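One file, model_23.cif, is given below (mmCIF, C-alpha atoms).
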```
data_entry
loop_
_atom_site.label_atom_id
_atom_site.label_comp_id
_atom_site.auth_asym_id
_atom_site.auth_seq_id
_atom_site.Cartn_x
_atom_site.Cartn_y
_atom_site.Cartn_z
CA MET A 1103 11.28 -43.79 -3.14
CA THR A 1104 8.77 -42.15 -0.82
CA SER A 1105 11.51 -41.36 1.65
CA ARG A 1106 13.44 -39.74 -1.17
CA PHE A 1107 10.49 -37.45 -1.78
CA VAL A 1108 10.21 -36.66 1.90
CA GLU A 1109 13.94 -35.93 2.07
CA THR A 1110 13.75 -33.61 -0.96
CA TRP A 1111 10.73 -31.84 0.56
CA VAL A 1112 12.47 -31.41 3.90
CA TYR A 1113 15.49 -29.94 2.11
CA LEU A 1114 13.47 -27.62 -0.17
CA ALA A 1115 11.05 -26.47 2.52
CA ARG A 1116 14.03 -25.04 4.38
CA SER A 1117 15.59 -23.32 1.36
CA PRO A 1118 14.50 -19.82 0.37
CA LEU A 1119 14.29 -20.85 -3.30
CA LEU A 1120 11.11 -22.92 -2.94
CA TRP A 1121 9.09 -20.12 -1.33
CA LEU A 1122 10.49 -17.42 -3.62
CA ALA A 1123 9.67 -19.51 -6.72
CA LEU A 1124 6.21 -20.34 -5.36
CA THR A 1125 5.40 -16.70 -4.48
CA VAL A 1126 6.34 -15.39 -7.92
CA SER A 1127 4.73 -18.22 -9.90
CA VAL A 1128 1.49 -18.25 -7.88
CA TYR A 1129 1.25 -14.48 -8.43
CA ALA A 1130 1.98 -14.85 -12.18
CA ALA A 1131 -0.84 -17.42 -12.45
CA ALA A 1132 -3.16 -15.22 -10.34
CA GLU A 1133 -2.48 -12.25 -12.60
CA ALA A 1134 -3.13 -14.30 -15.75
CA LEU A 1135 -6.47 -15.35 -14.25
CA TYR A 1136 -7.25 -11.71 -13.35
CA ARG A 1137 -6.62 -10.60 -16.95
CA ARG A 1138 -8.53 -13.56 -18.38
CA LEU A 1139 -11.61 -12.60 -16.31
CA GLY A 1140 -11.49 -8.97 -17.47
CA ARG A 1141 -9.88 -7.67 -14.23
CA HIS A 1142 -12.87 -8.70 -12.15
CA PRO A 1143 -12.31 -7.23 -8.64
CA LEU A 1144 -13.09 -10.48 -6.82
CA VAL A 1145 -10.11 -12.25 -8.44
CA HIS A 1146 -7.64 -9.47 -7.55
CA PRO A 1147 -4.25 -11.21 -7.90
CA VAL A 1148 -3.09 -10.29 -4.37
CA LEU A 1149 -6.27 -11.76 -2.90
CA THR A 1150 -6.00 -15.07 -4.79
CA SER A 1151 -2.22 -15.34 -4.26
CA VAL A 1152 -2.51 -14.81 -0.51
CA ILE A 1153 -5.33 -17.39 -0.23
CA VAL A 1154 -3.37 -20.00 -2.23
CA LEU A 1155 -0.05 -19.40 -0.40
CA ALA A 1156 -1.67 -19.26 3.06
CA THR A 1157 -3.43 -22.55 2.28
CA VAL A 1158 -0.16 -24.17 1.17
CA LEU A 1159 1.64 -22.98 4.34
CA THR A 1160 -1.15 -24.19 6.60
CA ALA A 1161 -1.53 -27.54 4.82
CA SER A 1162 2.21 -28.25 4.85
CA GLY A 1163 2.69 -27.01 8.42
CA THR A 1164 5.30 -24.47 7.28
CA PRO A 1165 5.90 -21.61 9.72
CA TYR A 1166 5.62 -18.09 8.28
CA SER A 1167 9.25 -17.38 9.22
CA SER A 1168 10.47 -20.16 6.85
CA TYR A 1169 8.22 -18.85 4.11
CA PHE A 1170 9.46 -15.29 4.63
CA GLU A 1171 13.10 -16.35 4.24
CA GLY A 1172 12.34 -16.88 0.56
CA ALA A 1173 9.62 -14.26 0.11
CA GLN A 1174 11.73 -11.49 1.67
CA PHE A 1175 13.50 -10.96 -1.66
CA VAL A 1176 10.18 -9.89 -3.15
CA HIS A 1177 9.19 -7.96 -0.01
CA PHE A 1178 12.48 -6.04 -0.08
CA LEU A 1179 11.65 -4.51 -3.48
CA LEU A 1180 8.79 -2.53 -1.85
CA GLY A 1181 11.41 0.02 -0.73
CA PRO A 1182 12.86 0.85 -4.16
CA ALA A 1183 9.31 0.66 -5.65
CA ILE A 1184 8.14 3.41 -3.27
CA VAL A 1185 11.18 5.52 -4.28
CA ALA A 1186 10.31 4.82 -7.94
CA LEU A 1187 6.92 6.53 -7.49
CA ALA A 1188 8.83 9.82 -7.77
CA VAL A 1189 9.18 9.25 -11.53
CA PRO A 1190 5.46 9.31 -12.56
CA LEU A 1191 4.94 11.99 -9.90
CA HIS A 1192 7.58 14.19 -11.51
CA ARG A 1193 5.77 13.85 -14.86
CA GLU A 1194 2.53 15.18 -13.29
CA LEU A 1195 4.03 17.82 -11.02
CA HIS A 1196 3.56 20.79 -13.33
CA ARG A 1197 -0.20 20.27 -12.85
CA GLU A 1198 -0.01 19.66 -9.13
CA GLN A 1199 1.31 23.06 -8.13
CA ALA A 1200 -2.06 24.67 -8.83
CA MET A 1201 -3.67 21.78 -6.97
CA ALA A 1202 -1.74 22.04 -3.72
CA VAL A 1203 -4.56 23.49 -1.62
CA PRO A 1204 -7.39 21.24 -2.92
CA LEU A 1205 -5.24 18.13 -2.50
CA THR A 1206 -4.07 19.10 1.01
CA VAL A 1207 -7.66 19.62 2.17
CA ALA A 1208 -8.75 16.30 0.60
CA LEU A 1209 -5.75 14.53 2.17
CA LEU A 1210 -6.42 15.78 5.70
CA ALA A 1211 -10.15 14.99 5.50
CA GLY A 1212 -9.42 11.54 4.06
CA SER A 1213 -6.68 10.68 6.54
CA VAL A 1214 -8.80 11.65 9.57
CA THR A 1215 -11.78 9.73 8.11
CA ALA A 1216 -9.65 6.62 7.62
CA ILE A 1217 -8.37 6.59 11.21
CA VAL A 1218 -11.54 7.67 13.05
CA THR A 1219 -14.05 5.48 11.17
CA ALA A 1220 -11.81 2.40 11.44
CA VAL A 1221 -11.09 2.73 15.17
CA ALA A 1222 -14.60 3.88 16.15
CA THR A 1223 -16.33 1.05 14.23
CA ALA A 1224 -14.00 -1.66 15.58
CA ARG A 1225 -14.28 -0.30 19.12
CA PHE A 1226 -18.07 -0.23 18.88
CA ALA A 1227 -17.97 -3.84 17.60
CA GLY A 1228 -15.89 -4.88 20.62
CA ALA A 1229 -12.32 -5.22 19.27
CA SER A 1230 -9.50 -5.43 21.83
CA ARG A 1231 -7.25 -2.47 22.61
CA GLU A 1232 -4.25 -4.18 20.98
CA THR A 1233 -6.27 -4.71 17.80
CA LEU A 1234 -7.40 -1.05 17.77
CA LEU A 1235 -3.80 0.15 18.06
CA SER A 1236 -2.78 -2.16 15.21
CA LEU A 1237 -5.75 -1.04 13.09
CA ALA A 1238 -5.42 2.77 13.36
CA PRO A 1239 -2.69 3.29 10.70
CA LYS A 1240 -4.10 0.73 8.20
CA SER A 1241 -4.50 3.16 5.28
CA ALA A 1242 -0.79 4.07 5.27
CA THR A 1243 1.68 2.02 3.25
CA ALA A 1244 2.86 -1.17 5.04
CA PRO A 1245 6.31 -0.09 6.30
CA VAL A 1246 4.94 3.22 7.67
CA ALA A 1247 1.86 1.63 9.24
CA MET A 1248 3.96 -1.06 10.94
CA GLY A 1249 6.30 1.56 12.37
CA ILE A 1250 3.38 3.59 13.77
CA ALA A 1251 1.69 0.52 15.30
CA GLU A 1252 4.92 -0.54 16.95
CA ARG A 1253 5.45 2.86 18.55
CA LEU A 1254 1.87 2.87 19.91
CA GLY A 1255 2.08 -0.62 21.40
CA GLY A 1256 0.13 -2.48 18.71
CA LEU A 1257 1.23 -5.62 16.83
CA PRO A 1258 3.19 -4.64 13.69
CA SER A 1259 2.67 -8.01 11.99
CA LEU A 1260 -1.11 -7.78 12.55
CA THR A 1261 -0.96 -4.26 11.11
CA ALA A 1262 0.74 -5.66 7.97
CA SER A 1263 -2.21 -8.01 7.40
CA LEU A 1264 -4.78 -5.25 7.99
CA VAL A 1265 -2.88 -2.93 5.62
CA VAL A 1266 -2.96 -5.55 2.85
CA ILE A 1267 -6.69 -6.25 3.42
CA THR A 1268 -7.36 -2.49 3.25
CA GLY A 1269 -5.36 -2.29 0.03
CA VAL A 1270 -7.22 -5.16 -1.58
CA LEU A 1271 -10.60 -3.76 -0.43
CA GLY A 1272 -9.81 -0.36 -1.96
CA ALA A 1273 -8.64 -1.95 -5.20
CA VAL A 1274 -11.76 -4.14 -5.30
CA ILE A 1275 -14.49 -1.60 -4.41
CA GLY A 1276 -12.68 1.68 -5.23
CA PRO A 1277 -13.23 2.21 -8.98
CA ALA A 1278 -16.91 1.12 -8.83
CA LEU A 1279 -17.61 3.25 -5.74
CA LEU A 1280 -15.95 6.34 -7.26
CA ARG A 1281 -17.91 5.84 -10.50
CA ARG A 1282 -21.15 5.61 -8.54
CA LEU A 1283 -20.29 8.90 -6.77
CA ARG A 1284 -19.66 10.41 -10.23
CA ILE A 1285 -16.02 11.18 -9.44
CA SER A 1286 -14.68 10.94 -12.98
CA ASP A 1287 -11.65 13.27 -12.73
CA PRO A 1288 -8.71 10.83 -12.92
CA ALA A 1289 -6.65 13.08 -10.62
CA ALA A 1290 -9.33 13.03 -7.87
CA ALA A 1291 -10.13 9.32 -8.30
CA GLY A 1292 -6.45 8.32 -8.27
CA PHE A 1293 -5.70 10.52 -5.27
CA ALA A 1294 -8.59 8.91 -3.32
CA LEU A 1295 -7.33 5.40 -4.18
CA GLY A 1296 -3.81 6.26 -2.98
CA VAL A 1297 -4.97 7.90 0.27
CA ALA A 1298 -7.43 5.10 1.17
CA SER A 1299 -5.49 2.08 -0.09
CA HIS A 1300 -1.76 2.95 -0.41
CA GLY A 1301 0.28 0.91 -2.91
CA LEU A 1302 -2.45 -1.55 -3.85
CA GLY A 1303 -4.82 1.33 -4.56
CA THR A 1304 -1.99 2.93 -6.56
CA ALA A 1305 -1.40 -0.24 -8.59
CA ARG A 1306 -5.15 -0.36 -9.34
CA ALA A 1307 -5.13 3.35 -10.26
CA PHE A 1308 -2.35 2.74 -12.81
CA GLU A 1309 -4.76 0.31 -14.52
CA LEU A 1310 -7.17 3.24 -14.94
CA GLY A 1311 -4.47 5.41 -16.50
CA GLU A 1312 -1.12 7.13 -16.03
CA THR A 1313 -2.63 10.30 -14.47
CA ALA A 1314 -4.74 8.37 -11.96
CA GLY A 1315 -1.67 6.29 -11.07
CA ALA A 1316 0.59 9.30 -10.54
CA PHE A 1317 -1.96 11.02 -8.28
CA ALA A 1318 -2.50 7.78 -6.38
CA GLY A 1319 1.26 7.62 -5.74
CA LEU A 1320 1.11 11.20 -4.49
CA GLY A 1321 -1.87 10.38 -2.25
CA MET A 1322 -0.09 7.34 -0.85
CA GLY A 1323 3.11 9.26 -0.11
CA LEU A 1324 1.28 12.19 1.51
CA ASN A 1325 -0.97 9.91 3.55
CA ALA A 1326 2.08 8.08 4.89
CA VAL A 1327 3.21 11.42 6.33
CA ALA A 1328 -0.27 12.49 7.48
CA THR A 1329 -1.01 9.14 9.17
CA ALA A 1330 2.30 9.19 11.04
CA LEU A 1331 1.47 12.65 12.40
CA LEU A 1332 -2.29 12.17 13.03
CA VAL A 1333 -2.56 8.68 14.56
CA PRO A 1334 -0.82 9.39 17.91
CA ALA A 1335 -2.97 12.51 18.53
CA LEU A 1336 -6.27 10.93 17.38
CA MET A 1337 -5.71 7.71 19.35
CA ARG A 1338 -5.46 9.70 22.57
CA LEU A 1339 -8.94 11.07 21.85
CA LEU A 1340 -10.44 7.82 20.54
CA LEU A 1341 -9.23 5.55 23.35
CA SER A 1342 -9.91 7.90 26.24
CA MET B 311 17.90 -0.38 -16.27
CA LEU B 312 20.77 -1.37 -13.96
CA ARG B 313 21.78 2.26 -13.48
CA GLY B 314 18.19 3.16 -12.78
CA LEU B 315 17.96 0.45 -10.13
CA ALA B 316 21.20 1.72 -8.58
CA VAL B 317 19.75 5.26 -8.43
CA LEU B 318 16.57 3.98 -6.71
CA LEU B 319 18.58 2.02 -4.13
CA VAL B 320 20.94 4.94 -3.43
CA PHE B 321 17.96 7.28 -2.84
CA GLN B 322 16.34 4.70 -0.57
CA LEU B 323 19.62 4.48 1.33
CA ALA B 324 19.81 8.28 1.60
CA GLY B 325 16.22 8.27 2.90
CA GLU B 326 17.11 5.65 5.55
CA VAL B 327 20.16 7.64 6.65
CA LEU B 328 18.12 10.85 7.03
CA THR B 329 15.27 9.17 8.96
CA HIS B 330 17.76 7.69 11.41
CA LEU B 331 19.93 10.77 11.79
CA PHE B 332 17.01 13.11 12.46
CA ALA B 333 14.68 10.50 14.05
CA LEU B 334 11.95 11.37 11.49
CA PRO B 335 8.55 9.69 12.04
CA LEU B 336 8.69 8.49 8.39
CA PRO B 337 10.09 5.36 6.75
CA GLY B 338 13.26 5.66 4.64
CA PRO B 339 11.65 4.83 1.26
CA VAL B 340 9.10 7.67 1.59
CA VAL B 341 11.90 10.15 2.37
CA GLY B 342 13.84 8.61 -0.56
CA MET B 343 10.86 9.23 -2.85
CA VAL B 344 10.76 12.91 -1.82
CA LEU B 345 14.55 13.24 -2.38
CA LEU B 346 14.33 11.64 -5.83
CA LEU B 347 11.44 13.94 -6.73
CA LEU B 348 13.57 16.94 -5.71
CA ALA B 349 16.50 15.64 -7.77
CA LEU B 350 14.24 15.18 -10.81
CA GLU B 351 12.75 18.67 -10.39
CA LEU B 352 16.24 20.19 -10.10
CA ARG B 353 17.25 18.21 -13.22
CA LEU B 354 20.27 16.64 -11.53
CA PRO B 355 22.22 14.21 -13.74
CA GLY B 356 22.03 10.42 -13.43
CA ARG B 357 18.48 9.85 -14.63
CA ASP B 358 19.42 7.46 -17.48
CA GLY B 359 17.55 4.20 -17.15
CA LEU B 360 15.41 5.53 -14.34
CA HIS B 361 12.24 5.24 -16.43
CA ALA B 362 12.94 1.60 -17.29
CA ALA B 363 13.74 0.67 -13.68
CA SER B 364 10.80 2.50 -12.13
CA GLY B 365 8.38 1.32 -14.82
CA GLY B 366 9.56 -2.25 -14.32
CA LEU B 367 9.11 -2.14 -10.54
CA LEU B 368 5.77 -0.31 -10.61
CA ALA B 369 4.33 -2.79 -13.11
CA PHE B 370 4.64 -5.45 -10.38
CA LEU B 371 3.75 -3.25 -7.42
CA SER B 372 0.91 -5.56 -6.34
CA LEU B 373 3.18 -8.63 -6.23
CA LEU B 374 5.42 -6.88 -3.69
CA PHE B 375 2.57 -6.91 -1.13
CA VAL B 376 2.06 -10.68 -1.30
CA PRO B 377 4.72 -11.72 1.29
CA ALA B 378 3.29 -9.27 3.88
CA GLY B 379 -0.22 -10.43 2.99
CA VAL B 380 0.62 -14.09 3.62
CA GLY B 381 1.60 -12.99 7.15
CA ILE B 382 -2.13 -13.27 7.84
CA VAL B 383 -1.49 -16.94 8.74
CA ARG B 384 0.17 -15.79 11.98
CA HIS B 385 -2.93 -13.96 13.12
CA ALA B 386 -5.62 -16.40 12.02
CA PRO B 387 -7.02 -16.96 15.57
CA ARG B 388 -7.32 -13.24 16.34
CA LEU B 389 -8.71 -12.46 12.89
CA VAL B 390 -11.35 -15.17 13.30
CA ALA B 391 -12.23 -14.12 16.86
CA GLU B 392 -12.55 -10.45 15.90
CA SER B 393 -13.54 -10.98 12.26
CA LEU B 394 -16.87 -9.16 12.53
CA ALA B 395 -15.37 -6.05 14.14
CA LEU B 396 -12.42 -6.02 11.75
CA MET B 397 -14.33 -6.58 8.52
CA ALA B 398 -17.02 -4.03 9.45
CA SER B 399 -14.31 -1.56 10.35
CA LEU B 400 -12.15 -2.09 7.25
CA VAL B 401 -15.03 -2.07 4.73
CA LEU B 402 -16.71 0.97 6.27
CA SER B 403 -13.49 2.91 6.73
CA THR B 404 -12.09 2.17 3.26
CA ALA B 405 -15.37 3.14 1.56
CA ALA B 406 -15.71 6.31 3.67
CA THR B 407 -12.09 7.34 3.01
CA LEU B 408 -12.46 6.82 -0.75
CA ALA B 409 -15.72 8.79 -0.81
CA VAL B 410 -14.54 11.70 1.38
CA THR B 411 -11.14 12.08 -0.32
CA GLY B 412 -12.47 11.65 -3.87
CA TRP B 413 -15.47 13.91 -3.38
CA ILE B 414 -13.52 16.78 -1.78
CA ALA B 415 -10.66 16.49 -4.31
CA ALA B 416 -13.07 16.47 -7.28
CA ARG B 417 -15.07 19.38 -5.87
CA LEU B 418 -12.09 21.62 -5.06
CA LEU B 419 -10.12 20.75 -8.21
CA ARG B 420 -13.10 21.67 -10.38
CA ARG B 421 -13.47 24.99 -8.57
CA SER B 422 -9.74 25.86 -8.69
CA SER B 423 -9.56 25.14 -12.43
CA ALA B 424 -12.98 26.54 -13.34
CA PRO B 425 -12.03 30.03 -14.67
CA GLY B 426 -9.54 29.14 -17.39
CA GLY B 427 -10.61 25.52 -17.80
CA ARG B 428 -8.35 22.60 -16.95
CA ALA B 429 -5.00 22.27 -18.70
#
```

Take the structure from the file and write it as structure tokens.
Amino acid sequence: MTSRFVETWVYLARSPLLWLALTVSVYAAAEALYRRLGRHPLVHPVLTSVIVLATVLTASGTPYSSYFEGAQFVHFLLGPAIVALAVPLHRELHREQAMAVPLTVALLAGSVTAIVTAVATARFAGASRETLLSLAPKSATAPVAMGIAERLGGLPSLTASLVVITGVLGAVIGPALLRRLRISDPAAAGFALGVASHGLGTARAFELGETAGAFAGLGMGLNAVATALLVPALMRLLLS
Amino acid sequence: MLRGLAVLLVFQLAGEVLTHLFALPLPGPVVGMVLLLLALELRLPGRDGLHAASGGLLAFLSLLFVPAGVGIVRHAPRLVAESLALMASLVLSTAATLAVTGWIAARLLRRSSAPGGRA
């Protein structure tokens, strides 16, 4: 009987279905918990899901590549989801035309702040060069950040982890920090969440309201462009 | 819903094609988002079901980051060895970016909308 279990496990652990089912159901449970606890930042569903799944992989000795064979179906939907951000953006665009200059200034200041403070702090604290190159684009959305890191000679997969941590951090501390700074305009608050914490900040902004979410999507999209253009130039200054 | 999903995928595909053809420093989906925004602004046909598909995907936006997040298991040794530098850097940088972006945006938006009040 035990060998039957082992055999079934060996079969399932190699099939994409197990890891796809586990990813979606762990997340569904994590989100239920998040709602139950009144959306408390410390039980952010991405945070709890990643901890549970990483523990399962480590405990069962499953390599990430086997896990990703199943999870890639979820990961793939990031592409169409980013395209889908055009829809709420379109709904807000009649307001944004008058806001073009304020938002561009805020974007450039925010994007430079994100790159310079991250790299300078980590360098001061003794991080390796490879880590610094992987860290620089961390506020951009995952696919963009990974592409930038790769071109610079960083580790794209390390960048993916740092991007997700940045996203969770922004979602966790963002709304409280913005409240404390008395930034109550949903457009400004949402835009800041999108620029600092890409899609996870955007998802959190949608919980604050449709306007905040739309501006977060705009901030995320614009910061993807700004980061791609700014990181190579700034890294030359920061690493010299 | 299905038509909406097809529209999203076709725009993503168009974005990928453009990034590769012109060697743009941007990922395909971001270019696809810009193209779809243009199409919506120009009121091109084919938008049926787009609201359902985009609403459905965006409701689960956080879930889509979980597979990349689990990738942390591959970097556990480096993350532990450099944990102090990385956590200090990420916390400080995320807070500073939120504060700088939010503060400037709130300040300038208030000024630009001050005369006639905000619509």

Hits of the PyMOL selection byres ((chain A and resi 1271) around 9) in this structure, as a list in words
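So the PyMOL selection byres ((chain A and resi 1271) around 9) ends up selecting Val1266, Ile1267, Thr1268, Gly1269, Val1270, Gly1272, Ala1273, Val1274, Ile1275, Gly1276, Ser1299 and Gly1303 of chain A; Leu400, Val401, Thr404 and Ala405 of chain B.
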
Quick one: of B:Gly359, B:Gly365, B:Gly314, B:Gly412, who's nearest to chain A, counting only C-alpha atoms?
B:Gly412

So how far away is CA of Ala1173 in chain A from CA of Ala324 in chain B, in Å?
24.8 Å

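Non-sequential neighbours of Arg1253 in chain A (distance at most 12 Å, separation of 4 or more positions within a chain, all atoms listed in the file) are Leu1235, Ser1236, Pro1239, Val1246, Ala1247, Met1248, Gly1249, Leu1257, Pro1258, Ala1330, Val1333 and Pro1334 of chain A; Pro335 of chain B.
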
Give me the residues within 10 Å of range 1162-1164 of chain A as an MDAnalysis selection string, counting all atoms listed in the file and dropping any in the same chain fewer than 5 places off.
chainID A and resid 1115:1116 1156:1157 1169

For the residues in the current selection, export C-alpha atoms as an mmCIF file, in the coordinates of the input.
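The new file out.cif reads:
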```cif
data_model
loop_
_atom_site.group_PDB
_atom_site.id
_atom_site.type_symbol
_atom_site.label_atom_id
_atom_site.label_comp_id
_atom_site.auth_asym_id
_atom_site.auth_seq_id
_atom_site.Cartn_x
_atom_site.Cartn_y
_atom_site.Cartn_z
ATOM 1 C CA ALA A 1115 11.050 -26.470 2.520
ATOM 2 C CA ARG A 1116 14.030 -25.040 4.380
ATOM 3 C CA ALA A 1156 -1.670 -19.260 3.060
ATOM 4 C CA THR A 1157 -3.430 -22.550 2.280
ATOM 5 C CA TYR A 1169 8.220 -18.850 4.110
#
```

Between A:Ala1134, A:Val1128, A:Ala1188, A:Leu1205, single out the one closest to Ser1151 in chain A, counting all atoms listed in the file.
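Comparing A:Ala1134, A:Val1128, A:Ala1188, A:Leu1205 against Ser1151 in chain A, the winner is A:Val1128.
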
At what distance in Å, to one decimal, does CA of Ile1184 in chain A lie from CA of Ala1202 in chain A?
21.1 Å
